[in-house]
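Note: the block below is final31.csv and it holds CSV, C-alpha atoms.
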chain,number,residue,atom,x,y,z
A,1,MET,CA,124.0,19.7,231.2
A,2,GLN,CA,120.9,17.5,231.5
A,3,LYS,CA,123.1,14.4,231.4
A,4,LEU,CA,125.4,15.8,234.1
A,5,LEU,CA,122.4,16.7,236.3
A,6,ALA,CA,121.0,13.2,236.0
A,7,LYS,CA,124.3,11.7,237.0
A,8,LEU,CA,124.5,14.1,240.0
A,9,ILE,CA,121.0,13.3,241.2
A,10,ALA,CA,121.6,9.6,240.9
A,11,THR,CA,124.9,9.8,242.7
A,12,VAL,CA,123.5,11.9,245.6
A,13,GLY,CA,120.5,9.6,245.8
A,14,LEU,CA,122.6,6.4,246.0
A,15,THR,CA,124.9,8.0,248.6
A,16,LEU,CA,122.1,9.2,250.9
A,17,ALA,CA,120.3,5.9,250.5
A,18,ALA,CA,123.4,4.0,251.6
A,19,LEU,CA,123.8,6.3,254.6
A,20,CYS,CA,120.3,6.4,255.9
A,21,GLY,CA,118.9,3.0,254.8
A,22,GLY,CA,115.2,2.4,254.0
A,23,GLY,CA,114.2,5.9,255.1
A,24,CYS,CA,115.9,7.4,252.0
A,25,GLN,CA,114.3,5.0,249.4
A,26,ILE,CA,112.3,7.9,248.1
A,27,ILE,CA,115.5,9.7,247.1
A,28,GLY,CA,116.6,6.7,245.1
A,29,ALA,CA,113.2,6.5,243.5
A,30,MET,CA,113.4,10.2,242.5
A,31,ALA,CA,116.8,9.6,240.8
A,32,GLY,CA,115.4,6.6,239.0
A,33,SER,CA,112.4,8.5,237.8
A,34,TYR,CA,114.5,11.3,236.5
A,35,GLU,CA,116.7,8.9,234.6
A,36,ALA,CA,113.6,7.3,233.1
A,37,THR,CA,111.8,10.5,232.1
A,38,GLY,CA,114.6,13.0,231.6
A,39,SER,CA,116.5,13.8,228.5
A,40,HIS,CA,120.1,14.2,227.4
A,41,GLU,CA,122.0,16.1,224.7
A,42,VAL,CA,123.2,14.3,221.6
A,43,LYS,CA,125.8,15.9,219.4
A,44,THR,CA,125.6,16.1,215.6
A,45,LEU,CA,127.4,13.4,213.7
A,46,TYR,CA,127.9,15.6,210.6
A,47,ASP,CA,128.4,19.4,210.9
A,48,GLY,CA,129.3,20.0,207.2
A,49,LEU,CA,126.1,21.9,206.5
A,50,ASP,CA,127.4,24.9,208.3
A,51,GLN,CA,127.3,28.0,206.0
A,52,LYS,CA,126.5,25.7,203.0
A,53,LYS,CA,123.4,25.5,200.8
A,54,PHE,CA,121.8,22.1,200.8
A,55,ALA,CA,119.0,20.0,199.2
A,56,VAL,CA,117.5,16.7,200.4
A,57,VAL,CA,116.8,14.0,197.8
A,58,VAL,CA,114.9,10.9,198.9
A,59,ARG,CA,114.9,7.8,196.8
A,60,ALA,CA,112.7,4.7,197.2
A,61,GLY,CA,112.2,1.5,195.2
A,62,GLN,CA,109.2,1.0,193.0
A,63,MET,CA,107.4,-1.3,195.4
A,64,ILE,CA,107.7,1.2,198.2
A,65,GLN,CA,106.5,4.0,196.0
A,66,ALA,CA,103.6,1.9,194.7
A,67,ASP,CA,102.4,1.0,198.2
A,68,TYR,CA,103.1,4.3,199.8
A,69,PRO,CA,103.2,7.0,197.1
A,70,GLU,CA,103.0,9.8,199.6
A,71,VAL,CA,106.1,8.9,201.7
A,72,VAL,CA,108.9,10.1,199.4
A,73,VAL,CA,107.2,13.6,199.1
A,74,LYS,CA,106.5,13.8,202.8
A,75,LEU,CA,110.0,12.8,203.8
A,76,THR,CA,111.6,15.2,201.3
A,77,VAL,CA,109.5,18.2,202.5
A,78,ASP,CA,109.7,17.5,206.2
A,79,ILE,CA,113.4,16.7,206.4
A,80,SER,CA,114.2,19.8,204.4
A,81,GLU,CA,112.1,22.0,206.6
A,82,ARG,CA,113.5,20.5,209.8
A,83,LEU,CA,117.1,21.0,208.8
A,84,GLN,CA,116.4,24.5,207.5
A,85,GLN,CA,115.1,25.4,211.0
A,86,ASN,CA,117.9,23.8,213.0
A,87,VAL,CA,121.2,24.0,211.0
A,88,ASN,CA,123.3,27.0,210.3
A,89,ALA,CA,123.2,26.7,206.5
A,90,SER,CA,123.5,29.5,204.1
A,91,GLY,CA,120.3,28.4,202.3
A,92,TYR,CA,118.4,25.3,201.1
A,93,VAL,CA,116.1,24.1,198.3
A,94,PRO,CA,112.6,23.6,199.6
A,95,GLY,CA,111.4,20.0,199.3
A,96,VAL,CA,108.6,20.8,196.8
A,97,ARG,CA,111.2,22.3,194.4
A,98,VAL,CA,113.4,19.2,194.7
A,99,ILE,CA,110.4,17.0,194.0
A,100,ASP,CA,109.5,19.1,191.0
A,101,TYR,CA,113.1,18.8,189.7
A,102,LEU,CA,113.1,15.0,190.0
A,103,TYR,CA,109.7,14.7,188.4
A,104,ASN,CA,110.9,16.7,185.4
A,105,HIS,CA,114.1,14.8,185.1
A,106,PRO,CA,113.0,11.1,185.3
A,107,ARG,CA,116.6,9.9,184.5
A,108,TRP,CA,118.0,11.7,187.6
A,109,ILE,CA,118.8,8.3,189.1
A,110,ALA,CA,121.5,7.8,186.5
A,111,THR,CA,122.8,11.3,186.8
A,112,PRO,CA,126.1,11.9,188.7
A,113,TYR,CA,125.6,13.3,192.2
A,114,GLU,CA,127.7,16.3,191.3
A,115,ASP,CA,125.5,17.2,188.4
A,116,ILE,CA,122.3,16.9,190.5
A,117,ALA,CA,123.8,19.2,193.2
A,118,ARG,CA,124.9,21.7,190.5
A,119,ASN,CA,121.4,21.7,188.9
A,120,LEU,CA,119.8,22.3,192.2
A,121,GLY,CA,122.4,25.0,193.0
A,122,VAL,CA,123.7,23.5,196.2
A,123,GLU,CA,127.0,22.6,197.8
A,124,ARG,CA,125.6,19.7,200.0
A,125,LEU,CA,123.3,17.0,198.7
A,126,ILE,CA,121.7,15.0,201.4
A,127,TYR,CA,120.8,11.7,199.8
A,128,VAL,CA,118.3,9.5,201.7
A,129,GLU,CA,117.8,6.0,200.2
A,130,LEU,CA,114.8,4.4,201.7
A,131,THR,CA,115.7,0.7,201.8
A,132,GLU,CA,112.6,-0.5,203.7
A,133,TYR,CA,109.2,0.9,204.4
A,134,ARG,CA,106.2,-1.1,205.4
A,135,LEU,CA,103.3,-1.0,207.9
A,136,GLN,CA,102.9,-4.7,208.3
A,137,ASP,CA,104.9,-7.9,208.1
A,138,PRO,CA,104.7,-9.6,204.7
A,139,GLY,CA,101.8,-12.1,204.8
A,140,ASN,CA,100.3,-10.5,207.9
A,141,ALA,CA,97.5,-8.1,207.0
A,142,TYR,CA,96.1,-7.9,210.5
A,143,LEU,CA,98.8,-6.6,212.8
A,144,TRP,CA,100.6,-3.3,212.6
A,145,GLN,CA,104.4,-3.8,212.5
A,146,GLY,CA,105.7,-0.7,210.8
A,147,VAL,CA,109.4,-0.5,209.9
A,148,SER,CA,111.3,2.2,208.1
A,149,GLY,CA,115.0,1.8,207.2
A,150,ALA,CA,117.2,4.1,205.2
A,151,THR,CA,120.8,4.9,204.4
A,152,VAL,CA,121.6,8.6,204.7
A,153,GLY,CA,124.6,10.1,202.8
A,154,VAL,CA,126.1,13.5,202.1
A,155,ILE,CA,127.7,14.6,198.9
A,156,GLU,CA,130.1,17.5,199.2
A,157,ALA,CA,129.7,19.0,195.7
A,158,ASP,CA,132.4,21.6,196.4
A,159,GLY,CA,134.8,19.1,197.8
A,160,SER,CA,137.7,17.1,196.2
A,161,ALA,CA,135.5,13.9,195.7
A,162,PRO,CA,132.0,15.1,194.7
A,163,GLU,CA,131.0,11.6,193.6
A,164,GLU,CA,131.8,9.9,196.9
A,165,PHE,CA,129.8,10.1,200.1
A,166,ALA,CA,131.6,12.3,202.7
A,167,PHE,CA,129.3,10.9,205.4
A,168,ARG,CA,127.0,7.8,205.5
A,169,LYS,CA,124.8,6.4,208.3
A,170,ALA,CA,122.0,3.8,208.4
A,171,ILE,CA,118.9,4.5,210.4
A,172,ARG,CA,115.9,2.3,211.3
A,173,VAL,CA,112.7,3.0,213.2
A,174,GLU,CA,109.7,1.0,214.1
A,175,PHE,CA,106.1,1.6,215.2
A,176,PRO,CA,104.0,0.5,217.1
A,177,ASP,CA,106.4,-0.1,220.0
A,178,LYS,CA,104.5,-3.1,221.2
A,179,ALA,CA,103.1,-6.1,219.3
A,180,GLY,CA,99.4,-7.0,218.9
A,181,TYR,CA,97.9,-3.7,217.6
A,182,THR,CA,95.3,-4.1,214.8
A,183,ALA,CA,93.1,-1.8,212.8
A,184,ASN,CA,90.7,-1.9,215.7
A,185,ASP,CA,93.3,-0.1,217.8
A,186,MET,CA,94.7,2.5,215.4
A,187,THR,CA,94.2,3.4,211.8
A,188,ARG,CA,96.6,3.0,208.9
A,189,ALA,CA,97.0,6.8,208.8
A,190,VAL,CA,98.1,6.9,212.4
A,191,VAL,CA,100.7,4.2,211.9
A,192,ASN,CA,102.0,5.8,208.7
A,193,THR,CA,102.2,9.3,210.1
A,194,GLU,CA,104.1,8.2,213.2
A,195,LEU,CA,106.5,6.1,211.2
A,196,VAL,CA,107.3,9.0,208.9
A,197,ARG,CA,107.7,11.4,211.9
A,198,ARG,CA,110.2,9.0,213.5
A,199,THR,CA,112.1,8.7,210.2
A,200,VAL,CA,112.3,12.4,209.9
A,201,ASP,CA,113.6,12.7,213.4
A,202,ARG,CA,116.3,10.1,213.0
A,203,VAL,CA,117.5,11.5,209.6
A,204,SER,CA,117.5,15.1,210.7
A,205,TRP,CA,119.1,14.5,214.1
A,206,LEU,CA,122.3,13.4,212.4
A,207,PHE,CA,122.9,17.0,211.4
A,208,TYR,CA,122.4,19.1,214.6
A,209,ASP,CA,122.8,18.9,218.3
A,210,HIS,CA,119.5,17.9,220.0
A,211,GLU,CA,117.8,16.5,223.0
A,212,GLU,CA,116.7,12.9,223.2
A,213,MET,CA,114.7,11.2,225.9
A,214,ASN,CA,116.8,8.9,228.1
A,215,ARG,CA,114.5,6.0,227.4
A,216,SER,CA,113.3,6.7,223.9
A,217,ASP,CA,111.2,4.1,222.0
A,218,TYR,CA,113.1,4.9,218.9
Represent the structure from my file as structure tokens, please.
Amino acid sequence: MQKLLAKLIATVGLTLAALCGGGCQIIGAMAGSYEATGSHEVKTLYDGLDQKKFAVVVRAGQMIQADYPEVVVKLTVDISERLQQNVNASGYVPGVRVIDYLYNHPRWIATPYEDIARNLGVERLIYVELTEYRLQDPGNAYLWQGVSGATVGVIEADGSAPEEFAFRKAIRVEFPDKAGYTANDMTRAVVNTELVRRTVDRVSWLFYDHEEMNRSDY
């Protein structure tokens, strides 16, 4: 509906501007402003969580975990909660319980996906592999250039191929949006918090209809 309204406003604005010349420039400006500040609906890319119980598992390499030990926990908890609030699932495993399970099963990485799903008591296992996470470029300790990249997959434990991903999608976000920011402009905590928030958005948005800004920075 938002997208249709934006197109309608833009079309009317351009038509009137063509008919009445410079006197109608304000209408065209209004249409452009709406397009810049408005939003549009984005449909889910995977709707298989409907009436299913799910759990979110986040995996990161040793270097990421060493440099940012809080990120895996934060992503696991926040993505789980966001999905629980927005998808029509029959249930979910809270992120803290998933973290507890992984901590007590240190060999889980070598465990078949189907077994992990069964141990957690779910039909859908959302597997987020964090392939990149950093706040600065390597070798540049002065400028903030945060990047978070991940591959998101879904295991359908009750399906015919429980060891194969039924859905996979790569996501990548950055922060800050402009170059040149240093610790004098914003703290490490601010950069880290915003990068995690954007990652949670991009992962979660794969699974439910949502609104996005027409000119989003991420």
| Tyr101 in chain A surroundings by only C-alpha atoms, 8 Å radius, close-in-sequence under 4 positions cut, as a list in words |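 Answer for this query is Arg97, His105 and Leu120 of chain A.
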| field | Residues within 8 Å of Tyr133 in chain A, all atoms listed in the file, excluding chain neighbours under 6 positions, as a VMD selection string | value | chain A and resid 64 146 to 149
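Counting from CA of Tyr103 in chain A, the distance to CA of Trp205 in chain A is 27.4 Å.
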| message | as a list in words, please: the residues near range 71-85 of chain A (cut-off 7 Å, only C-alpha atoms, same-chain neighbours under 4 positions excluded). | response |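 Once the adjacent positions are removed, what remains is Val56, Val57, Val58, Arg59, Ala60, Tyr92, Pro94, Gly95, Val96, Ile99, Val196, Val200 and Ser204 of chain A.
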| Could you state the separation of CA of Asp177 in chain A and CA of Tyr46 in chain A in Å, given to one decimal place? |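 So the answer is 28.2 Å.
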| note | For Gln51 in chain A, the closest of A:Tyr68, A:Ser90, A:Glu123, A:Ala157 counting all atoms listed in the file is A:Ser90
| With distances taken over only C-alpha atoms, which of A:Thr199, A:Thr111, A:Glu156, A:Pro69 is nearest to Val128 in chain A? | A:Thr199
| Atom-to-atom span, CA of Thr193 in chain A and CA of Glu132 in chain A, Å | 15.7 Å
| task | Quick one: everything within 10 Å of Asp115 in chain A, counting only C-alpha atoms, minus sequence neighbours fewer than 6 positions away in the same chain. Send it as number ranges by chain. | result | A: 108, 121, 157, 162-163
| task | Identify, on the basis of all atoms listed in the file, every residue whose closest approach to Val42 in chain A does not exceed 9 Å; exclude the query and any residue fewer than 5 positions from it along the same chain; express the result as number ranges by chain. | result | A: 205, 208-212
| query | From the set A:Val87, A:Phe165, A:Val203, A:Val98, which residue has the shortest atom-to-atom contact distance to Ala150 in chain A, counting only C-alpha atoms? | reply | A:Val203
| Counting only C-alpha atoms, the option among A:Ile171, A:Ala117, A:Met63, A:Ala183 closest to Val152 in chain A |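 Looking at the shortest contact to Val152 in chain A, the residue is A:Ile171.
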| field | Nearest-residue call for Glu194 in chain A, choices A:Tyr127, A:Glu174, A:Ala66, A:Lys53, using all atoms listed in the file | value |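 Of the candidates, the smallest distance to Glu194 in chain A is held by A:Glu174.
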| task | Considering all atoms listed in the file, state which residue in the set A:Asp217, A:Phe207, A:Leu143, A:Val122 is at the smallest distance from Asp50 in chain A. | result |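 Of A:Asp217, A:Phe207, A:Leu143, A:Val122, the one nearest Asp50 in chain A is A:Phe207, counting all atoms listed in the file.
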